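Here is the file data_4.pdb (PDB, C-alpha atoms).
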```
ATOM      1  CA  MET A   1     -35.690  14.028-291.187
ATOM      2  CA  GLY A   2     -33.793  15.648-288.392
ATOM      3  CA  THR A   3     -33.920  18.940-286.558
ATOM      4  CA  THR A   4     -33.633  22.282-288.264
ATOM      5  CA  LYS A   5     -31.472  25.065-286.891
ATOM      6  CA  ARG A   6     -33.072  27.809-288.944
ATOM      7  CA  PRO A   7     -36.709  28.581-289.733
ATOM      8  CA  VAL A   8     -37.652  27.050-293.067
ATOM      9  CA  VAL A   9     -39.461  29.007-295.723
ATOM     10  CA  TYR A  10     -42.523  26.780-295.424
ATOM     11  CA  PHE A  11     -43.365  27.883-291.893
ATOM     12  CA  CYS A  12     -43.128  31.558-292.852
ATOM     13  CA  LEU A  13     -45.553  30.908-295.719
ATOM     14  CA  SER A  14     -47.698  28.757-293.441
ATOM     15  CA  PHE A  15     -47.923  31.595-290.933
ATOM     16  CA  LEU A  16     -49.369  33.961-293.554
ATOM     17  CA  LEU A  17     -51.755  31.417-295.063
ATOM     18  CA  ARG A  18     -53.097  30.339-291.684
ATOM     19  CA  MET A  19     -53.674  33.959-290.733
ATOM     20  CA  LEU A  20     -55.786  34.296-293.883
ATOM     21  CA  LEU A  21     -57.578  31.073-292.930
ATOM     22  CA  ILE A  22     -58.495  32.543-289.540
ATOM     23  CA  VAL A  23     -59.846  35.722-291.121
ATOM     24  CA  ALA A  24     -61.824  33.922-293.838
ATOM     25  CA  SER A  25     -63.327  31.345-291.447
ATOM     26  CA  THR A  26     -64.297  33.992-288.906
ATOM     27  CA  ILE A  27     -65.959  36.216-291.505
ATOM     28  CA  SER A  28     -67.834  33.251-292.960
ATOM     29  CA  ALA A  29     -69.131  32.033-289.582
ATOM     30  CA  VAL A  30     -70.070  35.515-288.325
ATOM     31  CA  THR A  31     -71.828  36.398-291.577
ATOM     32  CA  MET A  32     -73.890  33.225-291.410
ATOM     33  CA  VAL A  33     -74.822  33.826-287.762
ATOM     34  CA  THR A  34     -75.960  37.395-288.500
ATOM     35  CA  SER A  35     -78.051  36.393-291.524
ATOM     36  CA  LYS A  36     -81.371  37.012-289.781
ATOM     37  CA  ASP A  37     -83.960  38.941-291.756
ATOM     38  CA  THR A  38     -87.552  39.915-290.961
ATOM     39  CA  GLN A  39     -90.189  40.936-293.476
ATOM     40  CA  TYR A  40     -93.807  41.965-293.248
ATOM     41  CA  TRP A  41     -96.281  39.844-295.157
ATOM     42  CA  TYR A  42     -99.695  41.065-296.265
ATOM     43  CA  ASP A  43    -102.307  38.993-298.006
ATOM     44  CA  PRO A  44    -104.428  41.218-300.250
ATOM     45  CA  GLY A  45    -107.153  38.552-300.341
ATOM     46  CA  THR A  46    -108.029  39.107-296.667
ATOM     47  CA  GLU A  47    -108.839  42.134-294.566
ATOM     48  CA  TYR A  48    -106.266  41.267-291.925
ATOM     49  CA  ASP A  49    -102.503  41.511-291.938
ATOM     50  CA  SER A  50    -100.661  38.286-292.379
ATOM     51  CA  GLY A  51     -97.947  39.336-289.901
ATOM     52  CA  THR A  52     -94.159  39.382-289.883
ATOM     53  CA  TYR A  53     -91.949  36.384-290.516
ATOM     54  CA  SER A  54     -88.240  35.984-289.836
ATOM     55  CA  VAL A  55     -85.641  33.728-291.368
ATOM     56  CA  LYS A  56     -82.289  32.883-289.767
ATOM     57  CA  PHE A  57     -79.554  30.296-289.998
ATOM     58  CA  THR A  58     -81.038  28.107-287.252
ATOM     59  CA  ASP A  59     -83.942  27.259-289.552
ATOM     60  CA  SER A  60     -81.723  24.807-291.429
ATOM     61  CA  PRO A  61     -79.514  22.080-289.849
ATOM     62  CA  SER A  62     -77.091  22.492-292.748
ATOM     63  CA  PHE A  63     -76.461  26.120-291.800
ATOM     64  CA  ILE A  64     -75.901  25.135-288.162
ATOM     65  CA  TYR A  65     -73.352  22.548-289.267
ATOM     66  CA  PHE A  66     -71.781  25.179-291.514
ATOM     67  CA  VAL A  67     -71.279  27.579-288.601
ATOM     68  CA  ALA A  68     -69.828  24.814-286.422
ATOM     69  CA  ALA A  69     -67.421  23.649-289.155
ATOM     70  CA  LEU A  70     -66.124  27.135-289.943
ATOM     71  CA  SER A  71     -65.735  27.865-286.230
ATOM     72  CA  VAL A  72     -63.605  24.727-285.864
ATOM     73  CA  ALA A  73     -61.549  25.795-288.881
ATOM     74  CA  GLY A  74     -60.933  29.201-287.297
ATOM     75  CA  VAL A  75     -59.805  27.668-284.003
ATOM     76  CA  TYR A  76     -57.609  25.224-285.897
ATOM     77  CA  GLY A  77     -56.031  28.132-287.776
ATOM     78  CA  ILE A  78     -55.186  29.873-284.495
ATOM     79  CA  ILE A  79     -53.555  26.734-283.048
ATOM     80  CA  THR A  80     -51.506  26.004-286.156
ATOM     81  CA  LYS A  81     -50.466  29.645-286.514
ATOM     82  CA  LEU A  82     -49.070  29.587-282.994
ATOM     83  CA  SER A  83     -47.303  26.319-283.831
ATOM     84  CA  SER A  84     -45.735  27.939-286.894
ATOM     85  CA  CYS A  85     -44.523  30.817-284.711
ATOM     86  CA  LEU A  86     -42.992  28.271-282.335
ATOM     87  CA  VAL A  87     -41.078  26.600-285.153
ATOM     88  CA  ILE A  88     -39.880  29.933-286.585
ATOM     89  CA  CYS A  89     -38.709  31.295-283.234
ATOM     90  CA  LEU A  90     -37.357  28.202-281.470
ATOM     91  CA  ALA A  91     -36.679  25.944-284.493
ATOM     92  CA  PRO A  92     -37.585  22.560-282.969
ATOM     93  CA  SER A  93     -37.879  19.387-285.006
ATOM     94  CA  SER A  94     -39.953  20.603-287.946
ATOM     95  CA  SER A  95     -40.407  17.280-289.747
ATOM     96  CA  MET A  96     -42.928  15.995-287.218
ATOM     97  CA  MET A  97     -44.756  19.323-287.359
ATOM     98  CA  LEU A  98     -45.029  19.012-291.135
ATOM     99  CA  VAL A  99     -46.539  15.541-290.810
ATOM    100  CA  LEU A 100     -49.061  16.756-288.214
ATOM    101  CA  PHE A 101     -49.964  19.793-290.314
ATOM    102  CA  ALA A 102     -50.547  17.639-293.399
ATOM    103  CA  PHE A 103     -52.710  15.168-291.444
ATOM    104  CA  PHE A 104     -54.935  17.757-289.785
ATOM    105  CA  ASP A 105     -55.124  19.948-292.892
ATOM    106  CA  VAL A 106     -56.733  17.047-294.740
ATOM    107  CA  LEU A 107     -59.158  16.486-291.853
ATOM    108  CA  ILE A 108     -60.231  20.136-291.591
ATOM    109  CA  LEU A 109     -60.431  20.412-295.378
ATOM    110  CA  GLY A 110     -62.925  17.530-295.458
ATOM    111  CA  VAL A 111     -65.038  19.119-292.720
ATOM    112  CA  VAL A 112     -65.102  22.565-294.350
ATOM    113  CA  ALA A 113     -65.751  21.166-297.841
ATOM    114  CA  SER A 114     -68.652  19.000-296.659
ATOM    115  CA  ALA A 115     -70.198  21.886-294.702
ATOM    116  CA  THR A 116     -69.841  24.233-297.677
ATOM    117  CA  GLY A 117     -71.450  21.720-300.027
ATOM    118  CA  SER A 118     -74.336  21.046-297.673
ATOM    119  CA  ALA A 119     -75.010  24.744-297.035
ATOM    120  CA  GLY A 120     -74.618  25.519-300.725
ATOM    121  CA  SER A 121     -77.296  23.021-301.709
ATOM    122  CA  VAL A 122     -79.761  24.584-299.244
ATOM    123  CA  ALA A 123     -78.870  28.090-300.418
ATOM    124  CA  TYR A 124     -79.440  27.038-304.031
ATOM    125  CA  SER A 125     -82.897  25.695-303.164
ATOM    126  CA  ILE A 126     -83.692  29.003-301.445
ATOM    127  CA  LEU A 127     -82.555  30.895-304.515
ATOM    128  CA  LYS A 128     -84.650  28.735-306.855
ATOM    129  CA  GLY A 129     -87.640  29.076-304.545
ATOM    130  CA  ASP A 130     -87.751  32.856-305.137
ATOM    131  CA  LEU A 131     -87.266  33.551-301.425
ATOM    132  CA  CYS A 132     -84.424  35.974-302.116
ATOM    133  CA  SER A 133     -86.801  38.417-303.778
ATOM    134  CA  THR A 134     -88.285  39.051-300.340
ATOM    135  CA  TYR A 135     -85.393  38.366-297.964
ATOM    136  CA  ASN A 136     -82.613  40.174-299.795
ATOM    137  CA  ARG A 137     -80.424  40.745-296.749
ATOM    138  CA  TYR A 138     -80.623  37.095-295.757
ATOM    139  CA  CYS A 139     -79.540  35.897-299.209
ATOM    140  CA  ARG A 140     -76.684  38.383-299.383
ATOM    141  CA  HIS A 141     -75.340  37.052-296.097
ATOM    142  CA  LEU A 142     -75.602  33.507-297.391
ATOM    143  CA  GLY A 143     -73.632  34.388-300.524
ATOM    144  CA  VAL A 144     -70.846  36.135-298.586
ATOM    145  CA  ALA A 145     -70.584  33.288-296.074
ATOM    146  CA  LEU A 146     -70.351  30.636-298.795
ATOM    147  CA  GLY A 147     -67.800  32.683-300.735
ATOM    148  CA  PHE A 148     -65.443  32.970-297.765
ATOM    149  CA  ALA A 149     -65.967  29.287-296.988
ATOM    150  CA  LEU A 150     -64.796  28.381-300.497
ATOM    151  CA  PHE A 151     -61.788  30.638-300.017
ATOM    152  CA  SER A 152     -61.002  28.821-296.768
ATOM    153  CA  SER A 153     -61.130  25.492-298.599
ATOM    154  CA  VAL A 154     -58.668  26.772-301.213
ATOM    155  CA  LEU A 155     -56.314  27.945-298.464
ATOM    156  CA  LEU A 156     -56.403  24.517-296.839
ATOM    157  CA  VAL A 157     -55.578  22.878-300.180
ATOM    158  CA  VAL A 158     -52.587  25.197-300.647
ATOM    159  CA  LEU A 159     -51.416  24.504-297.096
ATOM    160  CA  LEU A 160     -51.633  20.763-297.719
ATOM    161  CA  TRP A 161     -49.620  21.055-300.942
ATOM    162  CA  THR A 162     -46.895  23.095-299.269
ATOM    163  CA  SER A 163     -46.639  20.563-296.431
ATOM    164  CA  LEU A 164     -46.230  17.668-298.858
ATOM    165  CA  ILE A 165     -43.697  19.541-301.006
ATOM    166  CA  SER A 166     -41.641  20.461-297.951
ATOM    167  CA  LEU A 167     -41.692  16.847-296.760
ATOM    168  CA  TYR A 168     -40.614  15.650-300.212
ATOM    169  CA  LYS A 169     -37.642  18.012-300.222
ATOM    170  CA  ARG A 170     -36.494  16.565-296.892
ATOM    171  CA  ILE A 171     -36.218  13.032-298.279
ATOM    172  CA  PRO A 172     -32.508  12.261-298.687
ATOM    173  CA  LYS A 173     -31.474  11.828-302.292
ATOM    174  CA  GLN A 174     -29.709   8.532-303.076
ATOM    175  CA  ASN A 175     -26.822   8.369-305.507
ATOM    176  CA  PHE A 176     -26.866   5.346-307.784
ATOM    177  CA  GLU A 177     -23.574   6.058-309.642
ATOM    178  CA  THR A 178     -21.204   3.149-310.332
ATOM    179  CA  PRO A 179     -18.479   3.110-307.673
ATOM    180  CA  GLN A 180     -14.986   3.777-308.975
ATOM    181  CA  PRO A 181     -12.291   1.174-308.185
ATOM    182  CA  LEU A 182      -9.985   2.166-305.379
ATOM    183  CA  SER A 183      -6.409   2.893-306.370
ATOM    184  CA  GLN A 184      -3.900   0.656-304.653
ATOM    185  CA  SER A 185      -1.037   2.131-302.749
ATOM    186  CA  PRO A 186       2.516   1.169-303.629
ATOM    187  CA  LEU A 187       2.802  -0.740-300.357
ATOM    188  CA  GLN A 188      -0.178  -2.912-301.264
ATOM    189  CA  THR A 189       1.046  -3.671-304.780
ATOM    190  CA  PRO A 190       1.763  -7.383-305.054
ATOM    191  CA  PRO A 191       5.255  -8.276-306.119
ATOM    192  CA  GLN A 192       5.564  -8.872-309.772
ATOM    193  CA  ALA A 193       6.183 -12.357-310.868
ATOM    194  CA  GLN A 194       9.761 -12.985-311.801
ATOM    195  CA  THR A 195      10.241 -13.716-315.422
ATOM    196  CA  LEU A 196      11.808 -17.016-316.205
ATOM    197  CA  GLN A 197      14.994 -16.679-318.126
ATOM    198  CA  THR A 198      15.376 -19.142-320.851
ATOM    199  CA  PRO A 199      18.673 -21.056-320.744
ATOM    200  CA  PRO A 200      21.145 -20.092-323.379
ATOM    201  CA  GLN A 201      20.750 -22.129-326.418
ATOM    202  CA  ALA A 202      23.507 -24.442-327.416
ATOM    203  CA  GLN A 203      25.766 -23.012-330.011
ATOM    204  CA  GLU A 204      25.489 -24.765-333.264
ATOM    205  CA  GLY A 205      28.546 -25.280-335.365
ATOM    206  CA  THR A 206      31.278 -27.680-336.304
ATOM    207  CA  LYS A 207      33.782 -28.981-333.853
ATOM    208  CA  THR A 208      37.475 -28.567-334.662
ATOM    209  CA  TYR A 209      39.968 -31.308-333.766
ATOM    210  CA  ALA A 210      43.703 -30.747-333.360
ATOM    211  CA  TYR A 211      46.086 -33.339-334.834
TER     212      TYR A 211
END
```
Would it be possible to restate this file's structure as structure tokens?
Amino acid sequence: MGTTKRPVVYFCLSFLLRMLLIVASTISAVTMVTSKDTQYWYDPGTEYDSGTYSVKFTDSPSFIYFVAALSVAGVYGIITKLSSCLVICLAPSSSMMLVLFAFFDVLILGVVASATGSAGSVAYSILKGDLCSTYNRYCRHLGVALGFALFSSVLLVVLLWTSLISLYKRIPKQNFETPQPLSQSPLQTPPQAQTLQTPPQAQEGTKTYAY
């Protein structure tokens, strides 16, 4: 896990994905903020007008939390996109950046997912309560905001996967092959043991005597 002299492919992909994260988070937050709708109500049972009533995202704490969470995700996307540009251009130690990206991606993913689930439950209750038949514009804004929030969550999951895969590829591979015996040089060859020569055997035969 050392320094890199060239931009890795991950940071180029991260730059594009984080740009999409900024766009999706911004659209989701802005759409939720502008989801105000006003309708005129009239009660036919009385002679007087019932008046006008407005609905907006501040009516629900879940929608307020949703806007705050997606705003944080957008700011986080800007910071990490600039960090990716720094790694691509200057090529500093990228391993630490990968660890930081993976850590904060998980954190922001949890925030965005919880906000989307909370806002989605409130939006579902509004839909089941037949409020969308009157406040059509308000419900359309809610649907668009939740759709882009889900897309932001998917982008964060992909960013987390790419960070972990890139970190895995940087782990040095160990070789567990059996080491081959080193060949000895002629100078290190021990002298061969001298073979013992067996003494000549005594000749067998008859002795001759001269008379």
| message | Please determine, counting only C-alpha atoms, which residue among A:Ile79, A:Val23, A:Leu150, A:Val33 has the shortest atom-to-atom distance to Gly120 in chain A. | response | A:Leu150
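Proximity to Ser152 in chain A was assessed for A:Ala73, A:Met32, A:Ile78, A:Val99 counting all atoms listed in the file; the smallest distance is recorded for A:Ala73.
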| request: Starting from the shown file, work through the PyMOL selection byres ((chain A and resi 21) around 9) and note down what comes out as a ChimeraX atom specification. | output: /A:16-20,22-26,73-74,77-78,151-153,155-156
| Near Ser83 in chain A, counting only C-alpha atoms, which residues have an atom at most 10 Å away, once you skip same-chain residues fewer than 5 positions from it, shown as a PyMOL selection string? | chain A and resi 11+14-15+77-78+88-89+97+101
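Nearest residue to Leu159 in chain A, choosing from A:Tyr124, A:Phe104, A:Tyr65, A:Tyr138 and counting all atoms listed in the file: A:Phe104.
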| request: Give me the residues within 8 Å of Phe63 in chain A as a list of chain:residue names, counting only C-alpha atoms and dropping any in the same chain fewer than 4 places off. | output: A:Met32, A:Phe57, A:Thr58, A:Asp59, A:Val67, A:Ala119
Long-range neighbours of Arg137 in chain A as a JSON list (two decimals) with C-alpha atoms, in the frame of the given file, 8 Å cut-off, all atoms listed in the file, 4 positions minimum in chain:
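Heads up, here's the output in out_32.json:
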```
[["chain", "number", "residue", "atom", "x", "y", "z"],
["A", 35, "SER", "CA", -78.05, 36.39, -291.52],
["A", 36, "LYS", "CA", -81.37, 37.01, -289.78],
["A", 37, "ASP", "CA", -83.96, 38.94, -291.76],
["A", 141, "HIS", "CA", -75.34, 37.05, -296.10]]
```
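Between Ser71 in chain A and the candidates A:Leu142, A:Leu164, A:Ala102, A:Ala29, the tightest atom-to-atom separation, counting all atoms listed in the file, involves A:Ala29.
Counting from CA of Thr162 in chain A, the distance to CA of Leu100 in chain A is 12.9 Å.
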How big is the axis-aligned box around the listed atoms of range 136-150 of chain A once 4 Å is added on each side, and where is its centre? Give both in Å to one decimal, as AutoDock Vina command-line options.
```
--center_x -73.7 --center_y 34.6 --center_z -298.2 --size_x 25.8 --size_y 20.4 --size_z 13.0
```
